[in-house]
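Input: a single structure, listed below in structure tokens.
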Amino acid sequence: MAIEFSKLDINTWNRRDTFLYFSRIAPTTYSITSTLDITNMMRDIKKRNLKFFPSFLWLATSIFNRMEEFRVAIKGENVGHYKTLTPFYPTFHEDDHTISMLWTEYSPSLLEFHASYVENQKKYGENKGFLGIPDATPPENAYTISVIPWLSFSSFSLTTTSPHPYFFPSIEGGKFMEKEGRLLFPLSITVHHATTDDYHVSEFFKEFQTKADNFLELI
């Protein structure tokens, strides 16, 4: 299936000057961590016998796919944005404590996405090597998303030394915490300032919390 990419006219783009400054003059990325209440979300997931991780992948991706700022990329000589992003995530191998990366194409239907994720795990979850799907490479619209299930954190910072501009978000969740009967989830997002401001990150967290509070409505 072709991955849809729309070219931007950088001369009329309302972020042109901001993009040029933070991508060429002062390349800047930043990370923000927030603690979210997923009590209702976990209750609703259990009611439907779903798994948390694919539900989390789907929820984060569905929000990114609604907000253009998170989907900007350079393809060839063109600046543009993808219609959707694909989550690119690790699977952990208990025997040697290594990871392999898998990906699952986004679907607007949580149940369809969840089923595809489970099928991928059955087929490729035990494969070793960095890429768990043989004879395949991640799609060009893939973004990195993960959870550290062994560690809670109040801050998480991701850095890269790649010379190639990367504008997709990177997401890292932490170990759940219980407090006063509520289940809390630390979640960090790393973005490039050329495409994404703190307002957009704030909107992501706000929408994630709203949808987590009413998760059953999304199923």
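Naming works like this for the structure tokens: A, B, ... for the chains as they're shown, residue 1 at the start of each chain, ligands 1 onward in shown order.
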
Name the residues of stretch 25-167 of chain A that come out as helix (DSSP H, G or I) in a backbone DSSP run; write them as JSON, numbers by chain. {"A": [25, 39, 40, 41, 42, 43, 44, 45, 46, 47, 52, 53, 54, 55, 56, 57, 58, 59, 60, 61, 62, 63, 64, 68, 69, 70, 71, 110, 111, 112, 113, 114, 115, 116, 117, 118, 119, 120, 121, 122, 123, 124]}

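Residues within 12 Å of stretch 8-15 of chain A, counting only C-alpha atoms and excluding same-chain residues fewer than 5 positions away, are Leu20, Tyr21, Phe22, Ser23, Glu68, Glu69, Arg71, Val72, Ala73, Ile74, Lys75, Glu77, Asn78, Val79, Gly80, His81, Tyr82, His193, Ala194, Thr195, Thr196 and Asp197 of chain A.
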
Store the residues picked out above, limited to N, CA, C and O atoms, as an mmCIF file, in the first residue's frame.
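part_6.cif written:
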```cif
data_model
loop_
_atom_site.group_PDB
_atom_site.id
_atom_site.type_symbol
_atom_site.label_atom_id
_atom_site.label_comp_id
_atom_site.auth_asym_id
_atom_site.auth_seq_id
_atom_site.Cartn_x
_atom_site.Cartn_y
_atom_site.Cartn_z
ATOM 1 N N LEU A 20 12.861 26.996 9.477
ATOM 2 C CA LEU A 20 14.210 27.273 9.000
ATOM 3 C C LEU A 20 15.152 27.598 10.152
ATOM 4 O O LEU A 20 16.311 27.165 10.160
ATOM 5 N N TYR A 21 14.666 28.348 11.123
ATOM 6 C CA TYR A 21 15.538 28.711 12.247
ATOM 7 C C TYR A 21 15.932 27.481 13.062
ATOM 8 O O TYR A 21 17.118 27.252 13.330
ATOM 9 N N PHE A 22 14.921 26.675 13.464
ATOM 10 C CA PHE A 22 15.213 25.560 14.356
ATOM 11 C C PHE A 22 15.743 24.315 13.633
ATOM 12 O O PHE A 22 16.164 23.358 14.283
ATOM 13 N N SER A 23 15.729 24.327 12.295
ATOM 14 C CA SER A 23 16.297 23.196 11.573
ATOM 15 C C SER A 23 17.672 23.510 10.989
ATOM 16 O O SER A 23 18.497 22.602 10.823
ATOM 17 N N GLU A 68 -1.109 17.564 12.301
ATOM 18 C CA GLU A 68 -0.129 17.604 11.213
ATOM 19 C C GLU A 68 1.290 17.859 11.699
ATOM 20 O O GLU A 68 2.262 17.352 11.114
ATOM 21 N N GLU A 69 1.453 18.650 12.756
ATOM 22 C CA GLU A 69 2.790 19.050 13.224
ATOM 23 C C GLU A 69 3.669 17.852 13.563
ATOM 24 O O GLU A 69 4.903 17.935 13.483
ATOM 25 N N ARG A 71 3.699 15.011 11.980
ATOM 26 C CA ARG A 71 3.874 14.129 10.820
ATOM 27 C C ARG A 71 4.725 14.758 9.723
ATOM 28 O O ARG A 71 4.762 14.274 8.600
ATOM 29 N N VAL A 72 5.431 15.840 10.042
ATOM 30 C CA VAL A 72 6.257 16.526 9.054
ATOM 31 C C VAL A 72 7.555 15.743 8.830
ATOM 32 O O VAL A 72 8.131 15.166 9.754
ATOM 33 N N ALA A 73 8.002 15.714 7.583
ATOM 34 C CA ALA A 73 9.245 15.022 7.236
ATOM 35 C C ALA A 73 9.819 15.648 5.976
ATOM 36 O O ALA A 73 9.152 16.425 5.275
ATOM 37 N N ILE A 74 11.069 15.306 5.698
ATOM 38 C CA ILE A 74 11.692 15.667 4.424
ATOM 39 C C ILE A 74 11.800 14.397 3.594
ATOM 40 O O ILE A 74 12.354 13.387 4.047
ATOM 41 N N LYS A 75 11.249 14.439 2.396
ATOM 42 C CA LYS A 75 11.291 13.295 1.486
ATOM 43 C C LYS A 75 11.935 13.772 0.195
ATOM 44 O O LYS A 75 11.365 14.601 -0.521
ATOM 45 N N GLU A 77 13.821 16.097 -1.825
ATOM 46 C CA GLU A 77 14.101 17.530 -1.663
ATOM 47 C C GLU A 77 12.908 18.282 -1.092
ATOM 48 O O GLU A 77 12.954 19.504 -0.948
ATOM 49 N N ASN A 78 11.847 17.557 -0.757
ATOM 50 C CA ASN A 78 10.592 18.205 -0.389
ATOM 51 C C ASN A 78 10.298 18.107 1.106
ATOM 52 O O ASN A 78 10.488 17.052 1.726
ATOM 53 N N VAL A 79 9.813 19.208 1.656
ATOM 54 C CA VAL A 79 9.255 19.212 3.009
ATOM 55 C C VAL A 79 7.755 18.969 2.875
ATOM 56 O O VAL A 79 7.089 19.574 2.025
ATOM 57 N N GLY A 80 7.236 18.070 3.686
ATOM 58 C CA GLY A 80 5.811 17.775 3.620
ATOM 59 C C GLY A 80 5.369 17.021 4.844
ATOM 60 O O GLY A 80 6.066 17.013 5.871
ATOM 61 N N HIS A 81 4.227 16.382 4.752
ATOM 62 C CA HIS A 81 3.758 15.598 5.891
ATOM 63 C C HIS A 81 3.060 14.340 5.392
ATOM 64 O O HIS A 81 2.442 14.326 4.316
ATOM 65 N N TYR A 82 3.207 13.285 6.172
ATOM 66 C CA TYR A 82 2.541 12.026 5.867
ATOM 67 C C TYR A 82 1.103 12.082 6.368
ATOM 68 O O TYR A 82 0.803 12.755 7.350
ATOM 69 N N HIS A 193 11.890 21.092 17.480
ATOM 70 C CA HIS A 193 11.264 22.403 17.602
ATOM 71 C C HIS A 193 10.969 23.039 16.243
ATOM 72 O O HIS A 193 10.148 23.966 16.137
ATOM 73 N N ALA A 194 11.599 22.539 15.191
ATOM 74 C CA ALA A 194 11.335 23.087 13.864
ATOM 75 C C ALA A 194 9.896 22.863 13.438
ATOM 76 O O ALA A 194 9.325 23.673 12.698
ATOM 77 N N THR A 195 9.307 21.781 13.926
ATOM 78 C CA THR A 195 7.946 21.433 13.492
ATOM 79 C C THR A 195 6.922 21.456 14.618
ATOM 80 O O THR A 195 5.721 21.560 14.355
ATOM 81 N N THR A 196 7.390 21.350 15.852
ATOM 82 C CA THR A 196 6.467 21.118 16.962
ATOM 83 C C THR A 196 6.798 22.025 18.132
ATOM 84 O O THR A 196 7.914 21.980 18.671
ATOM 85 N N ASP A 197 5.838 22.829 18.562
ATOM 86 C CA ASP A 197 6.012 23.719 19.710
ATOM 87 C C ASP A 197 5.431 23.085 20.964
ATOM 88 O O ASP A 197 4.713 22.074 20.895
#
```

Skip A:Val201 itself and residues of its chain fewer than 2 positions away, then list as a VMD selection string all residues within 12 Å of it, counting only C-alpha atoms. chain A and resid 30 to 34 60 63 to 64 67 69 to 70 169 to 171 187 to 193 195 to 199 203 to 208

Please save C-alpha atoms of the selected residues as a PDB file, in the first residue's frame.
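So the final result, stored in result_30.pdb, reads:
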```pdb
ATOM      1  CA  TYR A  30      13.381  18.887  23.418  1.00  0.00           C
ATOM      2  CA  SER A  31      11.605  16.401  25.670  1.00  0.00           C
ATOM      3  CA  ILE A  32       8.619  16.910  27.959  1.00  0.00           C
ATOM      4  CA  THR A  33       7.368  14.368  30.501  1.00  0.00           C
ATOM      5  CA  SER A  34       3.909  14.317  32.013  1.00  0.00           C
ATOM      6  CA  ALA A  60      -0.819   7.770  20.767  1.00  0.00           C
ATOM      7  CA  ILE A  63      -3.626  11.555  18.162  1.00  0.00           C
ATOM      8  CA  PHE A  64      -0.501  12.130  16.063  1.00  0.00           C
ATOM      9  CA  MET A  67      -2.171  16.688  14.276  1.00  0.00           C
ATOM     10  CA  GLU A  69       2.790  19.050  13.224  1.00  0.00           C
ATOM     11  CA  PHE A  70       3.836  15.566  14.352  1.00  0.00           C
ATOM     12  CA  PRO A 169       7.989  12.441  17.670  1.00  0.00           C
ATOM     13  CA  SER A 170       9.569   9.800  19.882  1.00  0.00           C
ATOM     14  CA  ILE A 171       7.517   8.452  22.778  1.00  0.00           C
ATOM     15  CA  LEU A 187       4.934   9.528  29.534  1.00  0.00           C
ATOM     16  CA  SER A 188       7.694  11.413  27.728  1.00  0.00           C
ATOM     17  CA  ILE A 189       7.594  12.884  24.234  1.00  0.00           C
ATOM     18  CA  THR A 190      10.640  14.130  22.333  1.00  0.00           C
ATOM     19  CA  VAL A 191      10.060  16.419  19.367  1.00  0.00           C
ATOM     20  CA  HIS A 192      11.908  18.728  16.992  1.00  0.00           C
ATOM     21  CA  HIS A 193      11.264  22.403  17.602  1.00  0.00           C
ATOM     22  CA  THR A 195       7.946  21.433  13.492  1.00  0.00           C
ATOM     23  CA  THR A 196       6.467  21.118  16.962  1.00  0.00           C
ATOM     24  CA  ASP A 197       6.012  23.719  19.710  1.00  0.00           C
ATOM     25  CA  ASP A 198       5.170  23.188  23.358  1.00  0.00           C
ATOM     26  CA  TYR A 199       1.560  24.075  22.532  1.00  0.00           C
ATOM     27  CA  GLU A 203      -2.486  19.410  23.146  1.00  0.00           C
ATOM     28  CA  PHE A 204      -1.187  15.854  22.706  1.00  0.00           C
ATOM     29  CA  PHE A 205      -1.118  15.229  26.453  1.00  0.00           C
ATOM     30  CA  LYS A 206      -4.512  16.871  26.924  1.00  0.00           C
ATOM     31  CA  GLU A 207      -6.140  14.728  24.239  1.00  0.00           C
ATOM     32  CA  PHE A 208      -4.430  11.572  25.486  1.00  0.00           C
TER      33      PHE A 208
END
```

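With only C-alpha atoms as the atoms that count, the residue of A:Phe88, A:Phe5, A:Tyr166, A:Tyr124 with the shortest distance to A:Val147 is A:Phe88.
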
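The closest residue to A:Asn49, picked from A:Ala115, A:Met177, A:Lys7, A:Tyr143 and counting only C-alpha atoms, is A:Ala115.
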
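The space between atom CA of A:Ala26 and atom CA of A:Leu85 spans 26.2 Å.
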
Length of the atom CA of A:Ser155 to atom CA of A:Ser55 vector [Å]: 22.9 Å

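Going from atom CA of A:Lys211 to atom CA of A:Pro186 covers 16.1 Å.
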